[in-house]
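Engineer: For reference, this is work.txt, and it has compact mmCIF, C-alpha atoms.
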# COMPACT_ATOMS: atom_id res chain seq x y z
CA MET A 1 4.82 -36.01 -40.72
CA ALA A 2 4.04 -35.49 -37.03
CA SER A 3 0.89 -37.24 -35.84
CA ARG A 4 -2.05 -35.15 -34.73
CA PRO A 5 -3.10 -35.20 -31.06
CA SER A 6 -5.60 -37.89 -30.17
CA VAL A 7 -9.11 -37.04 -28.98
CA ARG A 8 -8.06 -37.66 -25.36
CA GLN A 9 -5.01 -35.44 -25.71
CA ARG A 10 -7.11 -32.66 -27.24
CA VAL A 11 -9.59 -32.89 -24.37
CA VAL A 12 -6.80 -32.69 -21.80
CA LEU A 13 -5.18 -29.75 -23.61
CA GLY A 14 -8.55 -28.02 -23.87
CA LEU A 15 -9.31 -28.41 -20.17
CA LEU A 16 -5.81 -27.23 -19.26
CA GLY A 17 -6.22 -24.23 -21.53
CA LEU A 18 -9.60 -23.36 -20.01
CA ALA A 19 -8.10 -23.60 -16.51
CA LEU A 20 -5.24 -21.31 -17.50
CA MET A 21 -7.59 -18.87 -19.17
CA ALA A 22 -9.82 -18.75 -16.07
CA GLY A 23 -6.76 -18.16 -13.89
CA PHE A 24 -5.45 -15.34 -16.09
CA LEU A 25 -8.89 -13.71 -16.19
CA ALA A 26 -9.13 -13.91 -12.41
CA LEU A 27 -5.69 -12.32 -12.02
CA GLY A 28 -6.59 -9.54 -14.46
CA THR A 29 -9.83 -8.84 -12.59
CA TRP A 30 -7.94 -8.78 -9.29
CA GLN A 31 -5.51 -6.23 -10.70
CA LEU A 32 -8.43 -4.01 -11.74
CA GLN A 33 -9.78 -4.24 -8.20
CA ARG A 34 -6.34 -3.36 -6.84
CA ARG A 35 -6.21 -0.38 -9.23
CA ALA A 36 -9.56 0.90 -7.91
CA TRP A 37 -8.29 0.52 -4.34
CA LYS A 38 -5.02 2.30 -5.16
CA LEU A 39 -6.79 5.21 -6.86
CA ALA A 40 -9.05 5.60 -3.82
CA LEU A 41 -5.98 5.54 -1.56
CA ILE A 42 -4.19 8.19 -3.61
CA GLU A 43 -7.29 10.40 -3.61
CA ARG A 44 -7.71 10.01 0.17
CA VAL A 45 -4.07 10.85 0.86
CA GLU A 46 -4.08 13.84 -1.49
CA GLN A 47 -7.22 15.20 0.16
CA GLY A 48 -5.64 14.71 3.58
CA LEU A 49 -2.48 16.56 2.59
CA ARG A 50 -4.59 19.52 1.48
CA ALA A 51 -6.60 19.51 4.72
CA THR A 52 -5.97 21.65 7.78
CA PRO A 53 -3.98 19.66 10.38
CA GLY A 54 -6.28 18.25 13.05
CA ALA A 55 -5.80 17.05 16.59
CA LEU A 56 -4.30 13.60 17.09
CA PRO A 57 -6.73 10.97 18.43
CA THR A 58 -6.51 10.47 22.20
CA PRO A 59 -4.41 7.63 23.66
CA ALA A 60 -7.62 5.80 24.64
CA GLN A 61 -8.41 5.48 20.91
CA TRP A 62 -4.99 4.37 19.70
CA ARG A 63 -5.50 0.61 19.89
CA SER A 64 -8.92 0.64 18.21
CA LEU A 65 -8.19 2.86 15.20
CA ASP A 66 -7.13 1.70 11.74
CA TRP A 67 -3.94 3.67 11.33
CA GLY A 68 -3.64 2.52 7.74
CA GLN A 69 -6.70 4.65 7.00
CA LEU A 70 -5.17 7.60 8.83
CA ALA A 71 -1.74 7.35 7.21
CA TYR A 72 -0.35 10.63 5.84
CA GLN A 73 -3.05 12.69 7.54
CA PRO A 74 -1.68 15.98 8.96
CA VAL A 75 -1.99 16.38 12.75
CA THR A 76 -0.88 18.74 15.49
CA LEU A 77 0.99 17.65 18.63
CA GLN A 78 2.17 19.21 21.84
CA GLY A 79 4.38 17.74 24.53
CA ARG A 80 7.90 17.31 25.91
CA TRP A 81 10.68 15.36 24.23
CA ARG A 82 11.79 12.19 26.02
CA SER A 83 15.39 12.33 24.89
CA ASP A 84 16.29 9.27 26.92
CA GLY A 85 14.12 7.26 24.53
CA LEU A 86 15.78 8.53 21.34
CA VAL A 87 16.48 5.96 18.61
CA LEU A 88 18.36 6.47 15.34
CA SER A 89 16.92 4.51 12.43
CA LYS A 90 18.84 4.03 9.18
CA ALA A 91 17.67 6.28 6.35
CA VAL A 92 18.48 7.03 2.74
CA THR A 93 16.94 10.27 1.49
CA ALA A 94 17.42 12.97 -1.11
CA GLN A 95 19.83 14.48 1.44
CA GLY A 96 21.99 11.35 1.34
CA SER A 97 22.60 8.48 3.76
CA GLY A 98 22.07 8.92 7.48
CA PHE A 99 19.44 8.40 10.16
CA TRP A 100 15.92 9.30 11.18
CA VAL A 101 15.83 10.80 14.68
CA MET A 102 13.01 8.93 16.42
CA THR A 103 12.05 10.45 19.78
CA PRO A 104 9.05 9.90 22.05
CA LEU A 105 7.02 13.06 22.67
CA GLU A 106 5.42 12.83 26.11
CA LEU A 107 1.88 14.20 26.13
CA GLU A 108 0.14 15.85 29.06
CA SER A 109 -1.67 12.55 29.70
CA GLY A 110 1.65 10.76 30.27
CA ALA A 111 1.41 8.71 27.06
CA SER A 112 4.14 9.13 24.44
CA VAL A 113 3.86 9.57 20.67
CA TRP A 114 6.82 8.48 18.58
CA VAL A 115 7.94 11.35 16.38
CA ASN A 116 10.36 11.20 13.49
CA ARG A 117 12.01 14.54 14.12
CA GLY A 118 13.76 14.41 10.75
CA PHE A 119 16.91 13.32 8.98
CA VAL A 120 20.51 13.70 10.13
CA PRO A 121 23.64 12.70 8.16
CA GLU A 122 26.07 10.03 9.30
CA ASP A 123 28.42 12.52 10.98
CA GLN A 124 25.61 13.66 13.31
CA ARG A 125 25.10 10.21 14.87
CA ALA A 126 27.34 10.62 17.93
CA ARG A 127 25.93 14.05 18.71
CA TRP A 128 22.34 12.83 18.79
CA LEU A 129 23.13 9.69 20.76
CA GLU A 130 24.73 11.97 23.35
CA THR A 131 21.37 13.71 23.92
CA ARG A 132 19.98 10.49 25.41
CA LYS A 133 21.74 11.39 28.67
CA LYS A 134 19.03 14.00 29.24
CA PRO A 135 15.81 12.46 30.61
CA HIS A 136 13.76 15.36 29.22
CA GLU A 137 14.47 18.31 27.02
CA ILE A 138 13.21 21.40 28.79
CA GLY A 139 10.08 23.05 27.48
CA VAL A 140 6.85 22.17 25.76
CA VAL A 141 7.02 21.95 21.98
CA SER A 142 4.24 22.14 19.40
CA LEU A 143 4.60 20.59 15.98
CA VAL A 144 2.73 19.61 12.85
CA GLY A 145 3.35 16.32 11.06
CA LEU A 146 1.99 13.39 9.12
CA VAL A 147 0.68 10.19 10.67
CA ARG A 148 2.69 7.14 9.58
CA VAL A 149 2.10 3.43 10.18
CA ASN A 150 4.54 1.21 12.03
CA GLU A 151 7.34 -0.40 10.00
CA PRO A 152 7.99 -3.78 11.65
CA GLY A 153 10.91 -6.09 11.06
CA GLY A 154 13.58 -4.06 9.34
CA GLY A 155 14.67 -2.82 5.94
CA PHE A 156 17.58 -2.61 3.53
CA LEU A 157 17.51 -6.45 3.53
CA ARG A 158 18.45 -6.41 7.22
CA ALA A 159 16.50 -7.21 10.37
CA ASN A 160 16.36 -4.74 13.24
CA ASP A 161 18.76 -5.58 16.07
CA PRO A 162 17.55 -3.71 19.17
CA ALA A 163 20.20 -5.27 21.45
CA ASN A 164 22.97 -3.70 19.37
CA GLU A 165 21.13 -0.48 18.55
CA ARG A 166 20.84 -1.25 14.86
CA TRP A 167 17.55 -0.12 13.42
CA TYR A 168 16.78 -0.43 9.71
CA SER A 169 13.10 0.47 9.89
CA ARG A 170 10.93 2.65 12.09
CA ASP A 171 9.42 -0.18 14.11
CA VAL A 172 8.11 1.95 16.95
CA VAL A 173 6.45 -0.99 18.71
CA ALA A 174 9.84 -2.70 19.06
CA MET A 175 11.47 0.64 19.91
CA ALA A 176 9.01 1.16 22.76
CA GLN A 177 9.81 -2.28 24.12
CA ALA A 178 13.55 -1.59 23.86
CA ARG A 179 13.14 1.72 25.73
CA GLY A 180 10.68 0.39 28.31
CA LEU A 181 7.84 2.72 27.29
CA ALA A 182 4.55 1.22 28.46
CA LYS A 183 2.25 3.93 27.05
CA ALA A 184 3.72 4.55 23.61
CA SER A 185 1.92 4.99 20.31
CA PRO A 186 1.68 2.05 17.85
CA PHE A 187 2.26 4.57 15.04
CA PHE A 188 4.59 7.51 14.54
CA VAL A 189 4.40 11.04 13.19
CA ASP A 190 6.77 12.51 10.62
CA ALA A 191 7.49 16.02 11.87
CA GLY A 192 6.93 18.71 9.28
CA LEU A 193 4.98 18.67 6.05
CA PRO A 194 6.43 17.60 2.67
CA GLY A 195 8.70 20.31 1.32
CA SER A 196 9.07 22.17 4.62
CA SER A 197 12.78 21.25 4.81
CA ALA A 198 13.48 23.87 2.13
CA ALA A 199 13.06 26.55 4.79
CA SER A 200 15.48 24.95 7.25
CA ASP A 201 19.26 24.66 7.20
CA GLY A 202 19.57 22.91 10.56
CA TRP A 203 19.36 19.33 11.73
CA PRO A 204 17.29 17.25 11.94
CA ARG A 205 15.91 18.05 8.48
CA GLN A 206 12.11 17.75 8.42
CA GLY A 207 9.62 17.54 5.58
CA LEU A 208 11.32 14.70 3.70
CA THR A 209 8.32 12.37 3.73
CA VAL A 210 7.94 10.80 0.27
CA VAL A 211 4.27 10.55 -0.64
CA ARG A 212 4.32 8.45 -3.78
CA PHE A 213 2.38 5.32 -4.69
CA SER A 214 3.18 3.09 -7.65
CA ASN A 215 0.11 2.36 -9.74
CA ASN A 216 0.93 -0.16 -12.47
CA HIS A 217 -2.16 -2.27 -11.92
CA LEU A 218 -3.72 -1.42 -15.30
CA VAL A 219 -0.57 -2.63 -17.09
CA TYR A 220 -0.61 -5.85 -15.05
CA ALA A 221 -4.31 -6.36 -15.77
CA LEU A 222 -3.81 -5.92 -19.52
CA THR A 223 -0.93 -8.41 -19.38
CA TRP A 224 -3.07 -11.08 -17.69
CA PHE A 225 -5.98 -10.46 -20.08
CA SER A 226 -3.60 -10.72 -23.04
CA LEU A 227 -2.34 -14.07 -21.78
CA ALA A 228 -5.93 -15.23 -21.38
CA LEU A 229 -6.63 -14.21 -24.99
CA MET A 230 -3.55 -16.08 -26.22
CA VAL A 231 -4.61 -19.22 -24.38
CA ALA A 232 -8.12 -18.88 -25.83
CA GLY A 233 -6.58 -18.73 -29.30
CA ALA A 234 -4.52 -21.85 -28.60
CA VAL A 235 -7.59 -23.73 -27.35
CA GLY A 236 -9.48 -22.70 -30.47
CA TYR A 237 -6.62 -23.88 -32.67
CA VAL A 238 -6.56 -27.30 -31.00
CA ALA A 239 -10.32 -27.61 -31.39
CA ARG A 240 -10.19 -26.70 -35.08
CA SER A 241 -7.34 -29.12 -35.75
CA GLY A 242 -9.45 -31.89 -34.26
CA ARG A 243 -12.35 -31.12 -36.56
CA THR A 244 -10.18 -30.98 -39.70
CA SER A 245 -8.53 -34.32 -38.83
CA ARG A 246 -11.91 -35.98 -38.90
Rewrite the structure of this file - the entire thing - as structure tokens.

Structural biologist:
Amino acid sequence: MASRPSVRQRVVLGLLGLALMAGFLALGTWQLQRRAWKLALIERVEQGLRATPGALPTPAQWRSLDWGQLAYQPVTLQGRWRSDGLVLSKAVTAQGSGFWVMTPLELESGASVWVNRGFVPEDQRARWLETRKKPHEIGVVSLVGLVRVNEPGGGFLRANDPANERWYSRDVVAMAQARGLAKASPFFVDAGLPGSSAASDGWPRQGLTVVRFSNNHLVYALTWFSLALMVAGAVGYVARSGRTSR
């Protein structure tokens, strides 16, 4: 017959169990806090999408604002395209594989806002790169879009390579440096509102912004609390076995 744990072993097991239980409870509580934050985020974004598009903050405010709080808010813009600054960033959408057409929109103040003009398929790449030979596209344009935060580093398990014109994320800060734009926005705007691409057959295809947030925090919280309960049961079993052995 296997020997029962000694008093010292039971104490060590009990303390270890209590530490594990405290850790699992803390993780479960953290997931509940994350769930509350995520629900507030979803509500804020949904309210913003229903709101009337407002004016974009002025360039003087760009560096001081929390763009994470302004993400997905609809805004209006007016300016001239700086086609010489155009960048194609890799994209995979419901339309297939291709690129986002990222172009600076020069405002009346001289500052530029990066705009994701929409999606183009792979076979459109050469055509859009050719437009960079034009310093400006003639005419002032007005558009409506959604504020988006910068996407630094890269994506698709690849790092951006500005020197070789390989962009896997919409890192507009790095794009501005690569194009020599001193007064460029640290954020970008997705042209068009979600679903607006249905009314357009041309390229770039706008309105493909995916506004979806995963919210599995309640499931994670219940998992951590269940583990804490299991550890509590194990600690109780060890304590009872010690009493019966005496």

Engineer: Please, what distance in Å, to one decimal, runs between CA of Pro59 in chain A and CA of Trp167 in chain A?

Structural biologist: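 Those two atoms sit 25.4 Å apart.
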
Engineer: Between A:Leu146, A:Val101, A:Ala191, A:Ala91, which is the closest to Ala126 in chain A once you count all atoms listed in the file?

Structural biologist: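 Among A:Leu146, A:Val101, A:Ala191, A:Ala91, it is A:Val101 that comes nearest to Ala126 in chain A.
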
Engineer: Rank A:Met21, A:Gln177, A:Ala71, A:Gly139 by their smallest atom-to-atom distance to Gly48 in chain A, using only C-alpha atoms, and report the top residue only.

Structural biologist: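 For Gly48 in chain A, the nearest of the candidates is A:Ala71.
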
Engineer: Fewer than 5 positions away in the same chain doesn't count, so skip those; otherwise give me all residues within 8 Å of range 230-235 of chain A, counting all atoms listed in the file, as a PyMOL selection string.

Structural biologist: chain A and resi 13-14+17-18+20-21

Engineer: Please report the interatomic distance between CA of Gln31 in chain A and CA of Leu227 in chain A in Å with one decimal.

Structural biologist: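 Distance between the two atoms: 13.9 Å.
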
Engineer: I want to know what sits within 12 Å of range 108-112 of chain A, based on only C-alpha atoms, with residues of the same chain fewer than 3 positions away left out; could you give that as number ranges by chain?

Structural biologist: A: 58-60, 62, 77-83, 85, 102-105, 115, 140-141, 172-173, 176, 179-189

Engineer: CA of Lys134 in chain A to CA of Glu165 in chain A: how many Å, to one decimal?

Structural biologist: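 Taking CA of Lys134 in chain A and CA of Glu165 in chain A, their separation equals 18.1 Å.
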
Engineer: Between A:Ala174, A:Val144, A:Ala163, A:Ala228, which residue has the minimum interatomic distance to Gly192 in chain A, considering only C-alpha atoms?

Structural biologist: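 With only C-alpha atoms as the atom set, the closest residue is A:Val144.
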
Engineer: Restricting the calculation to all atoms listed in the file, which member of A:His217, A:Arg132, A:Arg125, A:Arg148 is positioned closest to Gln69 in chain A?

Structural biologist: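 Using all atoms listed in the file, Gln69 in chain A sits closest to A:Arg148.
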
Engineer: Could you name the residues that touch Glu122 in chain A at 8 Å or less, counting only C-alpha atoms, but leaving out those on the same chain fewer than 3 positions away, as an MDAnalysis selection string?

Structural biologist: chainID A and resid 97:99 125
